[in-house]
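K.L.:
Here it is: the structure, laid out below.
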Amino acid sequence: MKVTLSTDPPLKVTTDLLAVGVADGQQGRDPLVKAIDKASQGSLKKQIRLEKFEGKDGQVLKATPGGVKAKQVLLVGLGDQSSTVAAARTLAVRAASVSQSYGTIAIAPPSEAPDVVRGVVSGAFLGAYRFTRYLTGDRVPSKSLSTVKLLVDKRTPELREAVQAGVALGESVNHARDLTNAPPNDMNPPALADFAKAQAKDLGIQCKVWDKKGVQKLGMNLLLAVNRGSAVEPRFIHMTYKPKGVKDAPKVAFVGKGITFDAGGLCLKPPKSMLDMKCDMSGAAVTIGVVLAAARLGLPVEVHGLVGSTENMTGDEAYRPGDVFTSLDGKTVEIINTDAEGRLVLADALAYGRELGLDCMVDHATLTGACMVALGPWTAGLFTDDEELAERYATAGAVEGESYWRLPLEKALREMLESEVADLKHTGERHGGSITAALFLREFVGDTPWIHLDIAGPAFQDRPHGYSGKGGTGFGVMTGVRFLESLVAVDEEE
Ligand code: BES
Ligand code: MN
Ligand code: ZN
């Protein structure tokens, strides 16, 4: 898909579809809507009234008003926050998703602020996304959206840069979606590592991968414990992006859960809960996506991506409840439920990360069903002891239109992890399940400021919602990038 900046006037642009955002209640006042209506001799307003289009968030109206060069016009309701990055992105997501098989669409952005333009461009990529790699014959879409024209007054270098950034961001999210959507027989730990390596090579950034022998040498015994039941080797991945010519850049690691399939191990999941468990490497997908996006955008931040990857299966050698293993940092861990595998893999990765001298670590994991019970399917749980980080991350999420809600690292629940036979049990009781998971992770981060994001809900959707269709969403990539940018933003008030 190609994105171009076009100075064609909206009424004159040749296109299959012209998309226009309309703020809440502005359907009668918006200057562009009025101009199109006039050209169509009142037919657009008639349809607006007929279909009760009021510019409400999420509302869309497709019309063929005539009098304009565009074959169709799409009005997209942007609600009462119509000039935000999130609203601009929503406009483009809707426009691109209704016109996936069109040749060209044109989008009139709600403003020409570079950030808004970047939001629109990334949104066009998100809306146009389809996972078609496994379709054959006439199921293969014959056409896909080829050109998006962004209608602006002036083509400035700043806007060109915003377009490039939007492409980089949108493609990084879509890469993360591809990784999550790929079936688990193909997207196994070696394949995940190969993807990271190939992408890193293209961008000229470092990517080190440890195979099973290497992981044994490192001493990641918790990752190896989970891997015991699998016929496929584990991988540990360390990607590094270092900005060129930047002194004293902040140093941040993203850490991801890379369970390419979670059968639950011996504590086997029931079939219904197992069905979507290819999504259990979404944390890894986001982690890789953020590192790649940071490199593509050339952010002045040193970004590390750490991924522990294995399947969680039931083979002869599978780990058992009651087993005790020693983590990378020397703590003994008593296994309680083999379906709580994610925190084990993360524990070793966090213990590895804390040796890197970081300013902070951010982990993403589809960690607990309990988090979805608490927050619903579209909101991630955010855990940290650091007030400033919590605020900064939540703000980044709000700007990008990804939903986070802070949950407490409740001290009182720590006793649920006390074990008779080892330093730690790895699960607590049913109630407070996402909190005890987070408390377990905290044991491994040392003094490094840390945020844990439980993305069990928003990583994978059973129906279209927000920026994404059914399946993998790439949730977290855009917020991660915005968070990194906030660390180096020049404060305007200073
Ligand atoms: N991968 C699952 C969590 C999950 C559930 C992610 C639903 C996405 C959708 C995780 O490994 C798991 O099985 N967690 C258990 C923990 C329990 C055994 C303490 C859970 O949530 O039931
Ligand atoms: Mn599990
Ligand atoms: Zn899992």
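Within each chain, counting starts at residue 1; across the structure tokens, chains are named A, B, ... in the order shown, with ligands numbered 1 upward in that order.
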Using the chain letters and numbers from this document, which residues of range 331-412 of chain A does DSSP assign to strand (DSSP E or B), as number ranges by chain?
P.N.:
A: 332-334, 360-365, 379-383, 403-406
K.L.:
Compute the set of protein, DNA and RNA residues whose minimum atom distance to ligand 2 is at most 6 Å, using only C-alpha atoms and all ligand atoms, and state it as number ranges by chain.
P.N.:
A: 262, 264, 339-341
K.L.:
Let me see if you get this right: every residue at most 7 Å from ligand 1, counting only C-alpha atoms and all ligand atoms, written as a ChimeraX atom specification.
P.N.:
/A:262,264,273,277,280,337-342,366-370,427,430,433,456-457
K.L.:
Give me a file of those residues, with C-alpha atoms, as a PDB file, in the first residue's frame.
P.N.:
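For reference, part.pdb as written:
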ATOM      1  CA  ASP A 262      -0.047 -23.011  25.572  1.00  0.00           C
ATOM      2  CA  GLY A 264      -1.394 -25.935  29.793  1.00  0.00           C
ATOM      3  CA  SER A 273      -9.630 -22.528  26.434  1.00  0.00           C
ATOM      4  CA  MET A 277      -3.577 -20.333  22.623  1.00  0.00           C
ATOM      5  CA  ASP A 280       0.263 -16.749  23.887  1.00  0.00           C
ATOM      6  CA  ASN A 337       0.183 -25.479  38.255  1.00  0.00           C
ATOM      7  CA  THR A 338       1.931 -26.181  34.949  1.00  0.00           C
ATOM      8  CA  ASP A 339      -0.520 -23.879  33.185  1.00  0.00           C
ATOM      9  CA  ALA A 340       1.096 -20.891  34.918  1.00  0.00           C
ATOM     10  CA  GLU A 341       4.070 -21.169  32.564  1.00  0.00           C
ATOM     11  CA  GLY A 342       4.312 -17.558  31.407  1.00  0.00           C
ATOM     12  CA  THR A 366      -0.810 -12.732  27.914  1.00  0.00           C
ATOM     13  CA  LEU A 367      -0.423 -13.794  31.504  1.00  0.00           C
ATOM     14  CA  THR A 368      -3.712 -14.433  33.279  1.00  0.00           C
ATOM     15  CA  GLY A 369      -7.349 -15.137  32.537  1.00  0.00           C
ATOM     16  CA  ALA A 370      -7.998 -13.348  35.828  1.00  0.00           C
ATOM     17  CA  THR A 427       1.123 -19.415  41.825  1.00  0.00           C
ATOM     18  CA  ARG A 430      -7.592 -18.216  42.461  1.00  0.00           C
ATOM     19  CA  GLY A 433      -4.722 -14.277  40.222  1.00  0.00           C
ATOM     20  CA  ALA A 456      -4.327 -11.433  28.041  1.00  0.00           C
ATOM     21  CA  GLY A 457      -7.465  -9.546  26.951  1.00  0.00           C
TER      22      GLY A 457
END
K.L.:
Could you produce a table of the residues of range 170-231 of chain A lying within 10 Å of range 294-313 of chain A, with the nearest pair of atoms per residue and their separation in Å rounded to one decimal, using only C-alpha atoms, ordered by chain and increasing residue number, as a tab-separated table?
P.N.:
residue	atom	partner	partner_atom	distance
A:Ser172	CA	A:Arg296	CA	9.0
A:Pro184	CA	A:Glu311	CA	9.0
A:Asn188	CA	A:Glu311	CA	7.4
A:Pro189	CA	A:Ser309	CA	5.4
A:Pro190	CA	A:Ser309	CA	8.5
A:Leu192	CA	A:Ser309	CA	8.1
A:Ala193	CA	A:Ser309	CA	8.5
A:Ala196	CA	A:Gly305	CA	9.8
A:Ala200	CA	A:Ala295	CA	9.0
A:Leu203	CA	A:Ala295	CA	7.1
A:Gly204	CA	A:Ala295	CA	8.9
A:Ile205	CA	A:Ala295	CA	7.7
A:Gln206	CA	A:His304	CA	9.5
A:Cys207	CA	A:Gly305	CA	8.9
A:Lys208	CA	A:Leu306	CA	9.8
A:Val209	CA	A:Val307	CA	9.5
A:Trp210	CA	A:Gly308	CA	9.7
A:Val215	CA	A:Gly308	CA	9.6
A:Met220	CA	A:Gly308	CA	9.3
A:Leu223	CA	A:Gly308	CA	6.9
A:Leu224	CA	A:Thr310	CA	8.4
A:Ala225	CA	A:Asn312	CA	9.5
A:Val226	CA	A:Asn312	CA	5.9
A:Asn227	CA	A:Thr310	CA	5.6
A:Arg228	CA	A:Met313	CA	8.0
A:Gly229	CA	A:Met313	CA	4.8
A:Ser230	CA	A:Met313	CA	5.1
A:Ala231	CA	A:Met313	CA	8.4
K.L.:
Kindly indicate which residue among A:Arg160, A:Lys149, A:Arg133, A:Arg482 lies nearest to Gly401 in chain A, using only C-alpha atoms for the distances.
P.N.:
A:Arg482
K.L.:
Counting only C-alpha atoms, what is within 12 Å of Tyr134 in chain A, bar same-chain residues fewer than 4 positions away, as a PDB file with all heavy atoms, in the first residue's frame?
P.N.:
ATOM      1  N   ARG A 130      -5.260  -7.622   6.613  1.00  0.00           N
ATOM      2  CA  ARG A 130      -5.948  -8.919   6.582  1.00  0.00           C
ATOM      3  C   ARG A 130      -4.905 -10.014   6.702  1.00  0.00           C
ATOM      4  O   ARG A 130      -3.801  -9.863   6.195  1.00  0.00           O
ATOM      5  CB  ARG A 130      -6.698  -9.109   5.249  1.00  0.00           C
ATOM      6  CG  ARG A 130      -8.054  -8.449   5.244  1.00  0.00           C
ATOM      7  CD  ARG A 130      -8.746  -8.632   3.905  1.00  0.00           C
ATOM      8  NE  ARG A 130      -8.124  -7.786   2.878  1.00  0.00           N
ATOM      9  CZ  ARG A 130      -8.591  -7.675   1.639  1.00  0.00           C
ATOM     10  NH1 ARG A 130      -9.655  -8.351   1.251  1.00  0.00           N
ATOM     11  NH2 ARG A 130      -7.990  -6.892   0.765  1.00  0.00           N
ATOM     12  N   ARG A 139     -10.295 -18.014  -2.405  1.00  0.00           N
ATOM     13  CA  ARG A 139     -10.296 -17.332  -1.098  1.00  0.00           C
ATOM     14  C   ARG A 139      -9.206 -16.253  -1.031  1.00  0.00           C
ATOM     15  O   ARG A 139      -9.218 -15.409  -0.150  1.00  0.00           O
ATOM     16  CB  ARG A 139     -10.052 -18.346   0.031  1.00  0.00           C
ATOM     17  CG  ARG A 139     -11.118 -19.406   0.195  1.00  0.00           C
ATOM     18  CD  ARG A 139     -12.423 -18.847   0.751  1.00  0.00           C
ATOM     19  NE  ARG A 139     -12.240 -17.954   1.907  1.00  0.00           N
ATOM     20  CZ  ARG A 139     -12.008 -18.369   3.150  1.00  0.00           C
ATOM     21  NH1 ARG A 139     -11.936 -19.652   3.425  1.00  0.00           N
ATOM     22  NH2 ARG A 139     -11.862 -17.504   4.131  1.00  0.00           N
ATOM     23  N   VAL A 140      -8.257 -16.318  -1.970  1.00  0.00           N
ATOM     24  CA  VAL A 140      -7.202 -15.307  -1.979  1.00  0.00           C
ATOM     25  C   VAL A 140      -7.792 -14.003  -2.524  1.00  0.00           C
ATOM     26  O   VAL A 140      -8.317 -13.992  -3.628  1.00  0.00           O
ATOM     27  CB  VAL A 140      -6.022 -15.741  -2.878  1.00  0.00           C
ATOM     28  CG1 VAL A 140      -4.911 -14.706  -2.834  1.00  0.00           C
ATOM     29  CG2 VAL A 140      -5.518 -17.109  -2.473  1.00  0.00           C
ATOM     30  N   PRO A 141      -7.758 -12.931  -1.738  1.00  0.00           N
ATOM     31  CA  PRO A 141      -8.322 -11.674  -2.233  1.00  0.00           C
ATOM     32  C   PRO A 141      -7.596 -11.241  -3.510  1.00  0.00           C
ATOM     33  O   PRO A 141      -6.363 -11.249  -3.557  1.00  0.00           O
ATOM     34  CB  PRO A 141      -8.038 -10.674  -1.095  1.00  0.00           C
ATOM     35  CG  PRO A 141      -7.648 -11.486   0.081  1.00  0.00           C
ATOM     36  CD  PRO A 141      -7.127 -12.790  -0.415  1.00  0.00           C
ATOM     37  N   ASP A 178       0.716 -10.377  12.437  1.00  0.00           N
ATOM     38  CA  ASP A 178       1.071 -11.557  11.633  1.00  0.00           C
ATOM     39  C   ASP A 178       1.672 -12.655  12.505  1.00  0.00           C
ATOM     40  O   ASP A 178       1.350 -13.834  12.351  1.00  0.00           O
ATOM     41  CB  ASP A 178       2.104 -11.190  10.557  1.00  0.00           C
ATOM     42  CG  ASP A 178       1.458 -10.602   9.301  1.00  0.00           C
ATOM     43  OD1 ASP A 178       0.234 -10.768   9.128  1.00  0.00           O
ATOM     44  OD2 ASP A 178       2.192  -9.986   8.502  1.00  0.00           O
ATOM     45  N   ASN A 181      -1.123 -14.180  14.586  1.00  0.00           N
ATOM     46  CA  ASN A 181      -2.121 -14.915  13.808  1.00  0.00           C
ATOM     47  C   ASN A 181      -1.573 -16.189  13.178  1.00  0.00           C
ATOM     48  O   ASN A 181      -2.331 -17.101  12.860  1.00  0.00           O
ATOM     49  CB  ASN A 181      -2.691 -14.013  12.708  1.00  0.00           C
ATOM     50  CG  ASN A 181      -3.631 -12.958  13.275  1.00  0.00           C
ATOM     51  OD1 ASN A 181      -4.284 -13.185  14.290  1.00  0.00           O
ATOM     52  ND2 ASN A 181      -3.690 -11.807  12.633  1.00  0.00           N
ATOM     53  N   ALA A 182      -0.263 -16.257  12.975  1.00  0.00           N
ATOM     54  CA  ALA A 182       0.316 -17.440  12.334  1.00  0.00           C
ATOM     55  C   ALA A 182       0.008 -18.680  13.174  1.00  0.00           C
ATOM     56  O   ALA A 182       0.043 -18.636  14.397  1.00  0.00           O
ATOM     57  CB  ALA A 182       1.820 -17.262  12.195  1.00  0.00           C
ATOM     58  N   PRO A 183      -0.330 -19.794  12.519  1.00  0.00           N
ATOM     59  CA  PRO A 183      -0.688 -21.009  13.267  1.00  0.00           C
ATOM     60  C   PRO A 183       0.507 -21.554  14.039  1.00  0.00           C
ATOM     61  O   PRO A 183       1.648 -21.409  13.604  1.00  0.00           O
ATOM     62  CB  PRO A 183      -1.134 -21.977  12.174  1.00  0.00           C
ATOM     63  CG  PRO A 183      -0.597 -21.439  10.909  1.00  0.00           C
ATOM     64  CD  PRO A 183      -0.454 -19.962  11.073  1.00  0.00           C
ATOM     65  N   ASP A 186       3.464 -23.635  12.633  1.00  0.00           N
ATOM     66  CA  ASP A 186       4.497 -22.904  11.893  1.00  0.00           C
ATOM     67  C   ASP A 186       5.223 -21.880  12.762  1.00  0.00           C
ATOM     68  O   ASP A 186       6.434 -21.713  12.654  1.00  0.00           O
ATOM     69  CB  ASP A 186       3.877 -22.185  10.694  1.00  0.00           C
ATOM     70  CG  ASP A 186       3.577 -23.151   9.560  1.00  0.00           C
ATOM     71  OD1 ASP A 186       4.073 -24.303   9.622  1.00  0.00           O
ATOM     72  OD2 ASP A 186       2.856 -22.765   8.637  1.00  0.00           O
TER      73      ASP A 186
END
K.L.:
Could you check which of A:Arg414, A:Lys45, A:His452, A:Lys213 is closest to Gly381 in chain A, using only C-alpha atoms?
P.N.:
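The shortest atom-to-atom distance to Gly381 in chain A comes from A:His452.
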K.L.:
Between A:Gly258, A:Gly471, A:Gly397, A:Pro408, which is the closest to ligand 3 once you count only C-alpha atoms and all ligand atoms?
P.N.:
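Of all the options, A:Gly258 lies closest to ligand 3.
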